[in-house]
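Input: a single structure, listed below in C-alpha cells.
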Amino acid sequence: MKTFLIALMFCVMFAGIASADSEELVKINGVNLSVLEAGEGQPMILIHGRGYSKEYMNSLFDYYKGRYHVFNYDTRGHGKSDKPKSFTLDDDAEDLVSLIAHYNLKSPVVIGFSMGSYITLKAAEKHPGIFSKIILIGTRGKGDRYADEDVSSMNENEITILKSLIGFDNMKNIKNVKVPALVITGELDSVNPVPEGKKVADALPNAKFEVIPNAKHVAFMNAPERKLVFSLIDEFLKDTSK
C-alpha cells in the first residue's frame with residue numbers, strides 16, 4: 001500500500017509539472033521568439049494580431065491548454081521577441097514553420113487572429129499539408145489597406161511591422177490550401193469587414209465561414225461573443241468529416 005501511495009504521489013507531481021505553463025526564448029531563423037507552452041495532446045498554435053502580444057490570446061490559451069498541447073508566441077517585432085529592423089510577412093510565415101520543426105510538432109491546429117491569420121494562411125500556402133486545420137479570425141486576403149496608414153505617431157518598430165504587411169497577397173496561391181479552414185469575422189469588424197473575410201472563405205477550397213453577431217474586430221474580446229467563437233471552434237475541431 002505504501003509503495004502504491006508513493007508511486008501515486010510521483011504521478012501527481014509529474015502530471016502537475018507537465019501541465020504547467022512554460023515560457024522560453026527560442027532562436028528561430030536568427031530571431032529570438034518568446035514562446036508560452038502548456039498542456040498535452042494534439043498541438044495547437046496561437047498567433048496574435050499586429051501591435052499585440054501573445055497575452056492577447058490568453059483566453060484561447062487558457063481555454064484549450066487542458067485538452068491540447070498549446071503554443072502561444074510573440075511574433076517577431078512584438079512582445080518579448082526580437083525586433084529586427086526589417087522583415088516581411090513571408091519571414092513571419094517561415095518563423096511559424098520553423099517553430100513547428102523546432103518542437104517537432106505533427107499536424108498542428110493553428111488559430112490566427114488578424115495579422116496572425118495572414119501569417120497562418122501564408123504558411124499554409126507555402127507549405128501545403130503542414131497543418132491539420134486552421135482557424136482564421138478577423139482576416140483579409142490582401143494588404144492593400146495598410147498602405148494608407150498615417151505613420152506620423154508610430155515608433156520605428158511599429159513602422160517596421162506596418163511595412164511587413166503593405167501589399168501582401170494571400171489570394172494568388174490560396175487554392176494551394178486544401179486543409180480544412182474555419183473563417184470567423186465579427187459582424188461589426190471595421191478593420192477587416194465581413195466581405196473581406198468572406199472573400200477568403202469563398203476562395204479557400206475547404207472552408208466554413210461564420211459571422212459573430214455584435215462582435216468587432218477582436219471577435220473573442222467580450223464574454224458573450226467569446227462563448228460563441230469558442231463553441232464554433234470546438235465544433236470545427238470535433239468534426240472528423242473535415
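Residues are referred to by chain and number: the chain letter is A, B, ... according to the order shown in the C-alpha cells, the number counts from 1 in that chain, and ligands are numbered separately from 1 in the order shown.
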From the DSSP assignment of the backbone, select every residue of range 28-162 of chain A that is helix (DSSP H, G or I), and format the answer as a count of residues only. 49
Contact residues around range 230-233 of chain A with only C-alpha atoms at 9 Å, ignoring same-chain residues under 6 positions, as a ChimeraX atom specification: /A:60,63,135,182,184,210,220
Hey, can you spit out that residue selection with C-alpha atoms as an mmCIF file, in the first residue's frame?
```cif
data_model
loop_
_atom_site.group_PDB
_atom_site.id
_atom_site.type_symbol
_atom_site.label_atom_id
_atom_site.label_comp_id
_atom_site.auth_asym_id
_atom_site.auth_seq_id
_atom_site.Cartn_x
_atom_site.Cartn_y
_atom_site.Cartn_z
ATOM 1 C CA LEU A 60 -7.835 30.890 -26.045
ATOM 2 C CA TYR A 63 -9.442 27.506 -22.668
ATOM 3 C CA ILE A 135 -8.882 28.953 -37.871
ATOM 4 C CA LEU A 182 -12.784 27.994 -40.336
ATOM 5 C CA ILE A 184 -14.611 33.863 -38.348
ATOM 6 C CA GLU A 210 -19.076 32.291 -39.659
ATOM 7 C CA PHE A 220 -13.408 36.892 -28.892
#
```
Can you list, as JSON, numbers by chain, every residue of range 27-234 of chain A that DSSP puts in strand (DSSP E or B)? {"A": [27, 28, 31, 32, 33, 34, 35, 36, 37, 38, 43, 44, 45, 46, 47, 69, 70, 71, 72, 73, 109, 110, 111, 112, 113, 133, 134, 135, 136, 137, 142, 169, 181, 182, 183, 184, 185, 186, 207, 208, 209, 210, 211, 212]}
For CA of Gly129 in chain A and CA of Glu235 in chain A, quote the distance in Å rounded to one decimal.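 Straight-line distance from CA of Gly129 in chain A to CA of Glu235 in chain A works out to 21.3 Å.
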Give the answer as one residue: which of A:Ile161, A:Ala201, A:Ile45, A:Leu99 has the shortest atom-to-atom distance to Leu25 in chain A, using only C-alpha atoms?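 Checking each of A:Ile161, A:Ala201, A:Ile45, A:Leu99 against Leu25 in chain A, counting only C-alpha atoms, the winner is A:Leu99.
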Rank A:Ser164, A:Asn222, A:Pro180, A:Ala38 by their smallest atom-to-atom distance to Asp239 in chain A, using only C-alpha atoms, and report the top residue only.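 Result for the nearest residue to Asp239 in chain A: A:Pro180.
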Closest to Lys198 in chain A among A:Ile137, A:Ala147, A:Val218, A:Ala93, using only C-alpha atoms?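 For Lys198 in chain A, the nearest of the candidates is A:Ile137.
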Give me, as a Markdown table, each residue of range 154-197 of chain A that comes within 7 Å of range 138-141 of chain A, together with its shortest interatomic pair and the distance in Å at one decimal, counting only C-alpha atoms, with rows ordered by chain and rising residue number.
```
| residue | atom | partner | partner_atom | distance |
| --- | --- | --- | --- | --- |
| A:Asp169 | CA | A:Gly141 | CA | 6.2 |
| A:Asn170 | CA | A:Gly141 | CA | 5.0 |
| A:Met171 | CA | A:Gly141 | CA | 5.5 |
| A:Ile184 | CA | A:Gly138 | CA | 6.3 |
| A:Thr185 | CA | A:Gly138 | CA | 4.9 |
| A:Gly186 | CA | A:Gly138 | CA | 6.9 |
| A:Asn192 | CA | A:Gly138 | CA | 5.9 |
| A:Glu196 | CA | A:Arg140 | CA | 5.1 |
| A:Gly197 | CA | A:Thr139 | CA | 5.4 |
```
Serialized selection, C-alpha atoms, as a PDB file, in the first residue's frame:
```
ATOM      1  CA  ASP A 169      -1.273  38.920 -51.182  1.00  0.00           C
ATOM      2  CA  ASN A 170      -2.634  35.647 -49.837  1.00  0.00           C
ATOM      3  CA  MET A 171      -5.210  35.284 -52.615  1.00  0.00           C
ATOM      4  CA  ILE A 184     -14.611  33.863 -38.348  1.00  0.00           C
ATOM      5  CA  THR A 185     -15.449  37.568 -38.693  1.00  0.00           C
ATOM      6  CA  GLY A 186     -17.168  39.943 -36.293  1.00  0.00           C
ATOM      7  CA  ASN A 192     -11.378  43.604 -41.765  1.00  0.00           C
ATOM      8  CA  GLU A 196     -13.126  40.654 -46.629  1.00  0.00           C
ATOM      9  CA  GLY A 197     -13.425  37.525 -44.511  1.00  0.00           C
TER      10      GLY A 197
END
```
